[in-house]
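Student: One structure, as structure tokens, below. Some questions next.
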Amino acid sequence: MLARRIIPCLDMKNGKVVKGVKFQNLRDVGHPPDLAREYEKQGADEITFLDISASLEGRKTLLNIVSETAQKLFVPLCVGGGIGSVEDVRAVLNAGADKVSINSAAVKDPDVITRCAENFGKQCVVVAIDVKKEGDHWEVYTHGGTRPTGIDALEWAKRVEDLGAGEILLTSMDADGVKTGYDIPITAAIADEVKIPVIASGGCGNIEHIYEVFTQTNAAAALAASIFHFKEVTVGDVKQYLKDRGVVVR
């Protein structure tokens, strides 16, 4: 296992970073470029920027915000939301992003994953998978968590890997914003099933939760929002805590 990564997430709506619970009741927490630079100073390995209402509103990612965020950032920037074609990916990369995250468009047209990987390289293509537990399995949701697809999350993860995804961003909708910890069972299942890196997302409420997801699953990275946005801990605090307990981090 390579050194684990810590990734602050900037969920954006109407040009502001927001945070909610289970994708609902969003509140403003700051300006994307300012927060991104602050997290980089704290030691973030990457920044993930998700325009969470773009697909639902049927529009493209706000490229001006992407460009402003990327200009003074030296760590990798991954951008998602409203990205549905090779042309969209090109525009986002040209605006300064290093990777793109595709979710709704990949479910609608799975071959877009392959086309993007062939044009820009697998390392640029992150497939975001938003999941919710339904009975004894997890179902994939799209459009900002508003549309069930009937697709089994584990099967979808294997398929996107085969199609050329370089990474999976796995978000548990049940855990999102609740701050009771990552969804260990589905994170472990998918991270064991695929060979590409899996980023755990949804549910982080404290440093211990990040330690748990790294020691109980093969997740390559942990994404968190609330604990950083509300200044409960810094990225540096998290890394030191993990290092003290034998977890290898960057």
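Simple scheme: letters A, B, ... for chains in structure tokens order, numbers from 1 for residues in each chain, numbers from 1 for ligands in the order shown.
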Can you tell me which residues surround Thr215 (chain A) at a distance of at most 12 Å, considering only C-alpha atoms, apart from same-chain residues fewer than 4 positions away, and format the answer as a PDB file with N, CA and C atoms, in the first residue's frame?
Tutor:
```
ATOM      1  N   MET A   1       0.843  -1.202   0.000  1.00  0.00           N
ATOM      2  CA  MET A   1       0.000   0.000   0.000  1.00  0.00           C
ATOM      3  C   MET A   1       0.878   1.253   0.000  1.00  0.00           C
ATOM      4  N   ARG A   4      -0.892   6.902   2.323  1.00  0.00           N
ATOM      5  CA  ARG A   4      -2.281   7.345   2.225  1.00  0.00           C
ATOM      6  C   ARG A   4      -2.349   8.864   2.052  1.00  0.00           C
ATOM      7  N   ILE A 184     -17.661   1.811   6.452  1.00  0.00           N
ATOM      8  CA  ILE A 184     -16.567   0.849   6.352  1.00  0.00           C
ATOM      9  C   ILE A 184     -16.911  -0.350   5.462  1.00  0.00           C
ATOM     10  N   THR A 187     -16.867   0.573   1.673  1.00  0.00           N
ATOM     11  CA  THR A 187     -15.524   1.043   1.316  1.00  0.00           C
ATOM     12  C   THR A 187     -14.550  -0.127   1.246  1.00  0.00           C
ATOM     13  N   ALA A 188     -14.616  -0.998   2.232  1.00  0.00           N
ATOM     14  CA  ALA A 188     -13.738  -2.173   2.243  1.00  0.00           C
ATOM     15  C   ALA A 188     -14.033  -3.085   1.064  1.00  0.00           C
ATOM     16  N   GLU A 208     -10.203  10.142  14.427  1.00  0.00           N
ATOM     17  CA  GLU A 208     -10.285   8.695  14.610  1.00  0.00           C
ATOM     18  C   GLU A 208     -10.968   8.012  13.426  1.00  0.00           C
ATOM     19  N   HIS A 209     -11.935   8.704  12.826  1.00  0.00           N
ATOM     20  CA  HIS A 209     -12.627   8.102  11.681  1.00  0.00           C
ATOM     21  C   HIS A 209     -11.684   7.890  10.504  1.00  0.00           C
ATOM     22  N   ILE A 210     -10.753   8.805  10.310  1.00  0.00           N
ATOM     23  CA  ILE A 210      -9.778   8.647   9.232  1.00  0.00           C
ATOM     24  C   ILE A 210      -8.844   7.485   9.546  1.00  0.00           C
ATOM     25  N   TYR A 211      -8.429   7.385  10.803  1.00  0.00           N
ATOM     26  CA  TYR A 211      -7.599   6.250  11.226  1.00  0.00           C
ATOM     27  C   TYR A 211      -8.342   4.936  10.993  1.00  0.00           C
ATOM     28  N   ALA A 219      -8.618   1.616   1.478  1.00  0.00           N
ATOM     29  CA  ALA A 219      -8.787   2.923   0.844  1.00  0.00           C
ATOM     30  C   ALA A 219      -7.429   3.613   0.707  1.00  0.00           C
ATOM     31  N   ALA A 220      -7.204   4.216  -0.453  1.00  0.00           N
ATOM     32  CA  ALA A 220      -5.931   4.889  -0.721  1.00  0.00           C
ATOM     33  C   ALA A 220      -5.907   6.309  -0.187  1.00  0.00           C
ATOM     34  N   ALA A 221      -7.090   6.880   0.017  1.00  0.00           N
ATOM     35  CA  ALA A 221      -7.173   8.266   0.463  1.00  0.00           C
ATOM     36  C   ALA A 221      -8.459   8.467   1.246  1.00  0.00           C
ATOM     37  N   ALA A 222      -8.446   9.463   2.105  1.00  0.00           N
ATOM     38  CA  ALA A 222      -9.645   9.848   2.849  1.00  0.00           C
ATOM     39  C   ALA A 222      -9.990  11.277   2.499  1.00  0.00           C
ATOM     40  N   LEU A 242      -2.024  10.246  12.469  1.00  0.00           N
ATOM     41  CA  LEU A 242      -1.851   8.987  11.749  1.00  0.00           C
ATOM     42  C   LEU A 242      -0.418   8.478  11.832  1.00  0.00           C
ATOM     43  N   ARG A 245       0.488   6.738  14.930  1.00  0.00           N
ATOM     44  CA  ARG A 245      -0.131   5.413  15.078  1.00  0.00           C
ATOM     45  C   ARG A 245       0.283   4.439  13.989  1.00  0.00           C
ATOM     46  N   GLY A 246       1.345   4.796  13.264  1.00  0.00           N
ATOM     47  CA  GLY A 246       1.924   3.868  12.315  1.00  0.00           C
ATOM     48  C   GLY A 246       1.321   3.838  10.930  1.00  0.00           C
ATOM     49  N   VAL A 247       0.416   4.778  10.637  1.00  0.00           N
ATOM     50  CA  VAL A 247      -0.158   4.846   9.302  1.00  0.00           C
ATOM     51  C   VAL A 247       0.772   5.699   8.427  1.00  0.00           C
ATOM     52  N   VAL A 248       1.169   5.169   7.291  1.00  0.00           N
ATOM     53  CA  VAL A 248       2.062   5.896   6.402  1.00  0.00           C
ATOM     54  C   VAL A 248       1.275   6.909   5.575  1.00  0.00           C
TER      55      VAL A 248
END
```
Student: If DSSP is run on the backbone, what residues of region 22-109 of chain A are strand (DSSP E)? A reply as a PyMOL selection string would be ideal.
Tutor: chain A and resi 24-30+47-51+77-80+99-102
Student: Give me a file of those residues, with N, CA and C atoms, as an mmCIF file, in the first residue's frame.
Tutor:
```cif
data_model
loop_
_atom_site.group_PDB
_atom_site.id
_atom_site.type_symbol
_atom_site.label_atom_id
_atom_site.label_comp_id
_atom_site.auth_asym_id
_atom_site.auth_seq_id
_atom_site.Cartn_x
_atom_site.Cartn_y
_atom_site.Cartn_z
ATOM 1 N N GLN A 24 -28.327 17.372 1.933
ATOM 2 C CA GLN A 24 -29.428 18.320 2.137
ATOM 3 C C GLN A 24 -29.011 19.416 3.122
ATOM 4 N N ASN A 25 -29.866 20.460 3.257
ATOM 5 C CA ASN A 25 -29.667 21.539 4.233
ATOM 6 C C ASN A 25 -28.263 22.144 4.145
ATOM 7 N N LEU A 26 -27.938 22.632 2.967
ATOM 8 C CA LEU A 26 -26.600 23.159 2.716
ATOM 9 C C LEU A 26 -26.420 24.544 3.338
ATOM 10 N N ARG A 27 -25.229 24.803 3.869
ATOM 11 C CA ARG A 27 -24.912 26.141 4.371
ATOM 12 C C ARG A 27 -23.539 26.564 3.864
ATOM 13 N N ASP A 28 -23.397 27.863 3.647
ATOM 14 C CA ASP A 28 -22.145 28.412 3.124
ATOM 15 C C ASP A 28 -21.035 28.312 4.158
ATOM 16 N N VAL A 29 -19.832 27.940 3.680
ATOM 17 C CA VAL A 29 -18.688 27.899 4.600
ATOM 18 C C VAL A 29 -17.476 28.652 4.072
ATOM 19 N N GLY A 30 -17.548 29.204 2.837
ATOM 20 C CA GLY A 30 -16.397 29.988 2.396
ATOM 21 C C GLY A 30 -16.254 30.083 0.889
ATOM 22 N N ILE A 47 -6.736 18.625 -3.531
ATOM 23 C CA ILE A 47 -7.992 19.301 -3.249
ATOM 24 C C ILE A 47 -9.024 18.758 -4.228
ATOM 25 N N THR A 48 -10.197 18.407 -3.715
ATOM 26 C CA THR A 48 -11.293 18.004 -4.594
ATOM 27 C C THR A 48 -12.365 19.077 -4.564
ATOM 28 N N PHE A 49 -12.771 19.482 -5.744
ATOM 29 C CA PHE A 49 -13.705 20.580 -5.936
ATOM 30 C C PHE A 49 -14.912 20.018 -6.669
ATOM 31 N N LEU A 50 -16.092 19.981 -6.024
ATOM 32 C CA LEU A 50 -17.282 19.391 -6.635
ATOM 33 C C LEU A 50 -18.386 20.436 -6.747
ATOM 34 N N ASP A 51 -18.765 20.749 -7.977
ATOM 35 C CA ASP A 51 -19.880 21.662 -8.230
ATOM 36 C C ASP A 51 -21.143 20.815 -8.120
ATOM 37 N N LEU A 77 -5.478 19.304 -8.229
ATOM 38 C CA LEU A 77 -6.862 19.729 -8.076
ATOM 39 C C LEU A 77 -7.741 18.816 -8.920
ATOM 40 N N CYS A 78 -8.707 18.180 -8.273
ATOM 41 C CA CYS A 78 -9.689 17.351 -8.972
ATOM 42 C C CYS A 78 -11.019 18.092 -8.979
ATOM 43 N N VAL A 79 -11.647 18.161 -10.149
ATOM 44 C CA VAL A 79 -12.883 18.925 -10.308
ATOM 45 C C VAL A 79 -13.992 18.036 -10.843
ATOM 46 N N GLY A 80 -15.176 18.130 -10.237
ATOM 47 C CA GLY A 80 -16.330 17.377 -10.708
ATOM 48 C C GLY A 80 -17.587 18.220 -10.682
ATOM 49 N N LYS A 99 -7.240 16.666 -12.532
ATOM 50 C CA LYS A 99 -8.092 15.488 -12.699
ATOM 51 C C LYS A 99 -9.531 15.957 -12.816
ATOM 52 N N VAL A 100 -10.376 15.086 -13.375
ATOM 53 C CA VAL A 100 -11.805 15.365 -13.407
ATOM 54 C C VAL A 100 -12.553 14.217 -12.756
ATOM 55 N N SER A 101 -13.659 14.544 -12.144
ATOM 56 C CA SER A 101 -14.515 13.551 -11.518
ATOM 57 C C SER A 101 -15.826 13.491 -12.302
ATOM 58 N N ILE A 102 -16.167 12.294 -12.772
ATOM 59 C CA ILE A 102 -17.379 12.089 -13.565
ATOM 60 C C ILE A 102 -18.305 11.152 -12.796
#
```
Student: Expressed in Å to a single decimal, how great is the separation between CA of Leu163 (chain A) and CA of Glu193 (chain A)?
Tutor: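 Separation between CA of Leu163 (chain A) and CA of Glu193 (chain A): 15.0 Å.
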Student: So how far away is CA of Glu139 (chain A) from CA of Asp98 (chain A), in Å?
Tutor: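 Here the two named atoms are 28.7 Å from each other.
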Student: What parts of region 59-231 of chain A does DSSP call helix (DSSP H, G or I)? I'd like the answer as JSON, numbers by chain.
Tutor: {"A": [63, 64, 65, 66, 67, 68, 69, 70, 71, 86, 87, 88, 89, 90, 91, 92, 93, 94, 104, 105, 106, 107, 108, 111, 112, 113, 114, 115, 116, 117, 118, 119, 120, 122, 123, 124, 153, 154, 155, 156, 157, 158, 159, 160, 161, 162, 163, 184, 185, 186, 187, 188, 189, 190, 191, 192, 193, 207, 208, 209, 210, 211, 212, 213, 214, 215, 216, 226, 227, 228, 229]}
